[in-house]
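Scroll down for the structure; my scribbles are underneath it.
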Amino acid sequence: MAILSVKNIKKTYITRFGGNQVQALKNVTFDVEQGEYVAIMGESGSGKTTLLNILAALDKPTSGTVLLENRDFSRIKESERAIFRRDNLGFVFQEFNLLDTFSLQDNIFLPLVLAGMDYKTMNSRLQPIAEKLEITQLLQKFPYEVSGGQKQRAAVARALITQPKLILADEPTGALDSRATDELLRLFSAVNDGGQTILMVTHSVKAASHANRVLFIRDGEVFHQIYRGTSTNEQLYQKVADTLTMLATGGDRA
């Protein structure tokens, strides 16, 4: 069953000076199934960021539809969009987006505090997540007291604690060293194995090789996709690398 349906999305911008039209997305169509782990890749300027902003309900398409559990994003009132994102979407960013004046626990609690949830319920949600992400002993520390990998674990916990229908990850390994990257990707796989749907935009072949499906965007449209099937991470890594080479050299669709 598709939890997310993207149908014929187009996005055209009008430049501020000169009034020229720039088509960022041409005709993007794909579904994400419940419990799937999908990576989106493409060169800079391919339309990935524009697509992610539309999926995050931060921007509206020029035409086409985005449905989350059959709810049309375009029908959500502007005044309700922040609540919709908080209640349905979890976000993991490259730069963590943690508040330095809040402990990790308070950073994780923040979306639930904004929703008016009581402390007892928030704490009961946090404990199993903190144990799974191995940050229980870090909860009272502040972001400046922990490593980049630990910050990102806290950011993942903040995304999970709202029990979102979909996690959107934007270059989640971009600010991490290789060891922290390996750990985060292991945790993402474990979270996905628990049934959480994840859609990740990344430039990293390594990160993409941990997903179950990889979509490639070129010139504002879906150019190609790879399913994991029985491939190991190493085998999927090579397939992704080969496809990126094809994209870079202007090869035809596979």
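Labels used: A, B, ... for chains in the order of the structure tokens, numbers from 1 for residues in each chain, and numbers from 1 for ligands as shown.
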Please report, as JSON lines, each residue of range 117-196 of chain A lying at most 9 Å from range 24-36 of chain A, together with the nearest pair of atoms and the separation in Å rounded to one decimal; use only C-alpha atoms, and order rows by chain and ascending residue number.
```
{"residue": "A:Lys165", "atom": "CA", "partner": "A:Gln34", "partner_atom": "CA", "distance": 8.6}
{"residue": "A:Leu166", "atom": "CA", "partner": "A:Gln34", "partner_atom": "CA", "distance": 8.8}
{"residue": "A:Asn192", "atom": "CA", "partner": "A:Gly35", "partner_atom": "CA", "distance": 6.6}
{"residue": "A:Asp193", "atom": "CA", "partner": "A:Gly35", "partner_atom": "CA", "distance": 8.0}
{"residue": "A:Gly194", "atom": "CA", "partner": "A:Gly35", "partner_atom": "CA", "distance": 8.3}
{"residue": "A:Gly195", "atom": "CA", "partner": "A:Gly35", "partner_atom": "CA", "distance": 4.9}
{"residue": "A:Gln196", "atom": "CA", "partner": "A:Gly35", "partner_atom": "CA", "distance": 5.3}
```
Output C-alpha atoms for every residue in the selection just made, as a PDB file, in the first residue's frame.
```pdb
ATOM      1  CA  LYS A 165       3.913   8.492   9.002  1.00  0.00           C
ATOM      2  CA  LEU A 166       7.019   9.416   6.991  1.00  0.00           C
ATOM      3  CA  ASN A 192      13.167   0.925   8.971  1.00  0.00           C
ATOM      4  CA  ASP A 193      13.167  -2.738  10.010  1.00  0.00           C
ATOM      5  CA  GLY A 194      10.783  -1.652  12.780  1.00  0.00           C
ATOM      6  CA  GLY A 195       8.299  -0.503  10.127  1.00  0.00           C
ATOM      7  CA  GLN A 196       9.150   3.207   9.787  1.00  0.00           C
TER       8      GLN A 196
END
```
Quick one: which range 188-242 of chain A residues come within 12 Å of range 19-23 of chain A, and what is the nearest atom pair for each with the distance in Å to one decimal, counting only C-alpha atoms, rows ordered by chain and ascending number, as a tab-separated table?
```
residue	atom	partner	partner_atom	distance
A:Asp219	CA	A:Gln23	CA	8.9
A:Gly220	CA	A:Gln23	CA	7.4
A:Glu221	CA	A:Gln23	CA	10.5
```
Check your understanding: Distance CA of Val205 in chain A-CA of Lys10 in chain A, one decimal place?
Key ->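 We find that CA of Val205 in chain A and CA of Lys10 in chain A lie 26.5 Å from each other.
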Exercise for review: Run DSSP on the backbone of this structure and report the residues of range 30-70 of chain A it assigns to helix (DSSP H, G or I), as an MDAnalysis selection string.
Suggested key: chainID A and resid 48:55
Can you check which residues of range 33-132 of chain A DSSP gives as strand (DSSP E or B) on the backbone and send them as an mmCIF file with all heavy atoms, in the first residue's frame?
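result22.cif, written as the output of this step:
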```cif
data_model
loop_
_atom_site.group_PDB
_atom_site.id
_atom_site.type_symbol
_atom_site.label_atom_id
_atom_site.label_comp_id
_atom_site.auth_asym_id
_atom_site.auth_seq_id
_atom_site.Cartn_x
_atom_site.Cartn_y
_atom_site.Cartn_z
ATOM 1 N N GLU A 33 5.897 2.971 -0.704
ATOM 2 C CA GLU A 33 5.047 2.027 0.014
ATOM 3 C C GLU A 33 5.251 2.143 1.522
ATOM 4 O O GLU A 33 6.297 2.575 1.997
ATOM 5 C CB GLU A 33 5.359 0.591 -0.435
ATOM 6 C CG GLU A 33 5.151 0.329 -1.914
ATOM 7 C CD GLU A 33 3.701 0.486 -2.334
ATOM 8 O OE1 GLU A 33 2.812 0.012 -1.592
ATOM 9 O OE2 GLU A 33 3.455 1.106 -3.392
ATOM 10 N N TYR A 37 12.075 2.086 2.396
ATOM 11 C CA TYR A 37 13.242 2.937 2.661
ATOM 12 C C TYR A 37 13.780 3.340 1.300
ATOM 13 O O TYR A 37 14.389 2.545 0.591
ATOM 14 C CB TYR A 37 14.259 2.140 3.472
ATOM 15 C CG TYR A 37 15.519 2.856 3.900
ATOM 16 C CD1 TYR A 37 16.474 2.180 4.661
ATOM 17 C CD2 TYR A 37 15.784 4.180 3.575
ATOM 18 C CE1 TYR A 37 17.645 2.802 5.096
ATOM 19 C CE2 TYR A 37 16.948 4.810 3.985
ATOM 20 C CZ TYR A 37 17.876 4.116 4.740
ATOM 21 O OH TYR A 37 19.040 4.731 5.152
ATOM 22 N N VAL A 38 13.527 4.591 0.906
ATOM 23 C CA VAL A 38 13.829 5.068 -0.439
ATOM 24 C C VAL A 38 14.860 6.184 -0.370
ATOM 25 O O VAL A 38 14.758 7.098 0.461
ATOM 26 C CB VAL A 38 12.551 5.588 -1.141
ATOM 27 C CG1 VAL A 38 12.880 6.135 -2.529
ATOM 28 C CG2 VAL A 38 11.508 4.481 -1.244
ATOM 29 N N ALA A 39 15.858 6.121 -1.235
ATOM 30 C CA ALA A 39 16.838 7.195 -1.378
ATOM 31 C C ALA A 39 16.606 7.896 -2.710
ATOM 32 O O ALA A 39 16.264 7.257 -3.710
ATOM 33 C CB ALA A 39 18.258 6.642 -1.319
ATOM 34 N N ILE A 40 16.783 9.214 -2.723
ATOM 35 C CA ILE A 40 16.690 10.006 -3.944
ATOM 36 C C ILE A 40 18.048 10.635 -4.203
ATOM 37 O O ILE A 40 18.627 11.274 -3.328
ATOM 38 C CB ILE A 40 15.614 11.097 -3.831
ATOM 39 C CG1 ILE A 40 14.224 10.455 -3.689
ATOM 40 C CG2 ILE A 40 15.643 12.018 -5.044
ATOM 41 C CD1 ILE A 40 13.100 11.460 -3.538
ATOM 42 N N MET A 41 18.553 10.434 -5.415
ATOM 43 C CA MET A 41 19.865 10.947 -5.780
ATOM 44 C C MET A 41 19.781 11.744 -7.079
ATOM 45 O O MET A 41 18.822 11.621 -7.850
ATOM 46 C CB MET A 41 20.868 9.803 -5.955
ATOM 47 C CG MET A 41 21.061 8.918 -4.742
ATOM 48 S SD MET A 41 22.539 7.879 -4.912
ATOM 49 C CE MET A 41 23.834 9.072 -4.526
ATOM 50 N N SER A 63 1.877 22.246 -10.688
ATOM 51 C CA SER A 63 0.782 21.339 -11.043
ATOM 52 C C SER A 63 1.139 19.944 -10.545
ATOM 53 O O SER A 63 2.283 19.667 -10.176
ATOM 54 C CB SER A 63 0.535 21.327 -12.560
ATOM 55 O OG SER A 63 1.676 20.835 -13.251
ATOM 56 N N GLY A 64 0.153 19.064 -10.537
ATOM 57 C CA GLY A 64 0.348 17.715 -10.015
ATOM 58 C C GLY A 64 -0.113 17.617 -8.575
ATOM 59 O O GLY A 64 -0.529 18.605 -7.970
ATOM 60 N N THR A 65 -0.051 16.410 -8.033
ATOM 61 C CA THR A 65 -0.545 16.179 -6.677
ATOM 62 C C THR A 65 0.450 15.372 -5.854
ATOM 63 O O THR A 65 1.202 14.552 -6.385
ATOM 64 C CB THR A 65 -1.888 15.412 -6.683
ATOM 65 O OG1 THR A 65 -1.716 14.154 -7.360
ATOM 66 C CG2 THR A 65 -2.975 16.207 -7.367
ATOM 67 N N VAL A 66 0.436 15.633 -4.538
ATOM 68 C CA VAL A 66 1.169 14.833 -3.565
ATOM 69 C C VAL A 66 0.164 14.371 -2.532
ATOM 70 O O VAL A 66 -0.530 15.195 -1.911
ATOM 71 C CB VAL A 66 2.293 15.640 -2.882
ATOM 72 C CG1 VAL A 66 2.998 14.770 -1.842
ATOM 73 C CG2 VAL A 66 3.300 16.147 -3.902
ATOM 74 N N LEU A 67 0.062 13.066 -2.349
ATOM 75 C CA LEU A 67 -0.887 12.496 -1.402
ATOM 76 C C LEU A 67 -0.141 11.737 -0.317
ATOM 77 O O LEU A 67 0.702 10.891 -0.616
ATOM 78 C CB LEU A 67 -1.852 11.534 -2.095
ATOM 79 C CG LEU A 67 -2.648 12.061 -3.295
ATOM 80 C CD1 LEU A 67 -3.482 10.933 -3.894
ATOM 81 C CD2 LEU A 67 -3.547 13.219 -2.888
ATOM 82 N N LEU A 68 -0.437 12.040 0.946
ATOM 83 C CA LEU A 68 0.069 11.272 2.078
ATOM 84 C C LEU A 68 -1.116 10.569 2.702
ATOM 85 O O LEU A 68 -2.014 11.216 3.239
ATOM 86 C CB LEU A 68 0.752 12.182 3.105
ATOM 87 C CG LEU A 68 1.375 11.454 4.306
ATOM 88 C CD1 LEU A 68 2.551 10.577 3.853
ATOM 89 C CD2 LEU A 68 1.849 12.443 5.359
ATOM 90 N N ARG A 71 -4.293 11.963 1.505
ATOM 91 C CA ARG A 71 -4.607 13.359 1.799
ATOM 92 C C ARG A 71 -3.783 14.252 0.884
ATOM 93 O O ARG A 71 -2.556 14.162 0.848
ATOM 94 C CB ARG A 71 -4.317 13.697 3.257
ATOM 95 C CG ARG A 71 -4.739 15.124 3.614
ATOM 96 C CD ARG A 71 -4.585 15.428 5.077
ATOM 97 N NE ARG A 71 -5.068 16.776 5.360
ATOM 98 C CZ ARG A 71 -4.977 17.368 6.548
ATOM 99 N NH1 ARG A 71 -4.437 16.710 7.574
ATOM 100 N NH2 ARG A 71 -5.433 18.593 6.733
ATOM 101 N N ASP A 72 -4.459 15.109 0.156
ATOM 102 C CA ASP A 72 -3.821 15.970 -0.842
ATOM 103 C C ASP A 72 -3.167 17.160 -0.151
ATOM 104 O O ASP A 72 -3.829 17.952 0.521
ATOM 105 C CB ASP A 72 -4.882 16.452 -1.830
ATOM 106 C CG ASP A 72 -4.297 17.168 -3.036
ATOM 107 O OD1 ASP A 72 -3.122 17.585 -2.974
ATOM 108 O OD2 ASP A 72 -5.014 17.306 -4.041
ATOM 109 N N LEU A 89 4.969 14.214 9.680
ATOM 110 C CA LEU A 89 6.299 14.098 9.087
ATOM 111 C C LEU A 89 7.381 14.255 10.153
ATOM 112 O O LEU A 89 7.268 15.078 11.051
ATOM 113 C CB LEU A 89 6.497 15.172 8.016
ATOM 114 C CG LEU A 89 5.476 15.198 6.872
ATOM 115 C CD1 LEU A 89 5.713 16.418 5.987
ATOM 116 C CD2 LEU A 89 5.526 13.918 6.056
ATOM 117 N N GLY A 90 8.427 13.448 10.033
ATOM 118 C CA GLY A 90 9.613 13.604 10.865
ATOM 119 C C GLY A 90 10.761 14.050 9.987
ATOM 120 O O GLY A 90 10.880 13.596 8.843
ATOM 121 N N PHE A 91 11.609 14.941 10.500
ATOM 122 C CA PHE A 91 12.685 15.512 9.686
ATOM 123 C C PHE A 91 14.047 15.251 10.316
ATOM 124 O O PHE A 91 14.227 15.423 11.526
ATOM 125 C CB PHE A 91 12.496 17.027 9.531
ATOM 126 C CG PHE A 91 11.232 17.407 8.806
ATOM 127 C CD1 PHE A 91 10.068 17.687 9.511
ATOM 128 C CD2 PHE A 91 11.194 17.465 7.425
ATOM 129 C CE1 PHE A 91 8.901 18.028 8.856
ATOM 130 C CE2 PHE A 91 10.028 17.802 6.758
ATOM 131 C CZ PHE A 91 8.878 18.088 7.473
ATOM 132 N N VAL A 92 15.001 14.855 9.472
ATOM 133 C CA VAL A 92 16.399 14.716 9.888
ATOM 134 C C VAL A 92 17.225 15.526 8.897
ATOM 135 O O VAL A 92 17.197 15.269 7.697
ATOM 136 C CB VAL A 92 16.857 13.249 9.890
ATOM 137 C CG1 VAL A 92 18.314 13.157 10.342
ATOM 138 C CG2 VAL A 92 15.963 12.400 10.793
ATOM 139 N N PHE A 93 17.957 16.525 9.427
ATOM 140 C CA PHE A 93 18.697 17.460 8.577
ATOM 141 C C PHE A 93 20.202 17.209 8.669
ATOM 142 O O PHE A 93 20.698 16.636 9.632
ATOM 143 C CB PHE A 93 18.420 18.901 9.007
ATOM 144 C CG PHE A 93 16.964 19.278 9.017
ATOM 145 C CD1 PHE A 93 16.235 19.247 10.195
ATOM 146 C CD2 PHE A 93 16.319 19.659 7.855
ATOM 147 C CE1 PHE A 93 14.894 19.596 10.223
ATOM 148 C CE2 PHE A 93 14.984 20.014 7.866
ATOM 149 C CZ PHE A 93 14.266 19.975 9.057
#
```
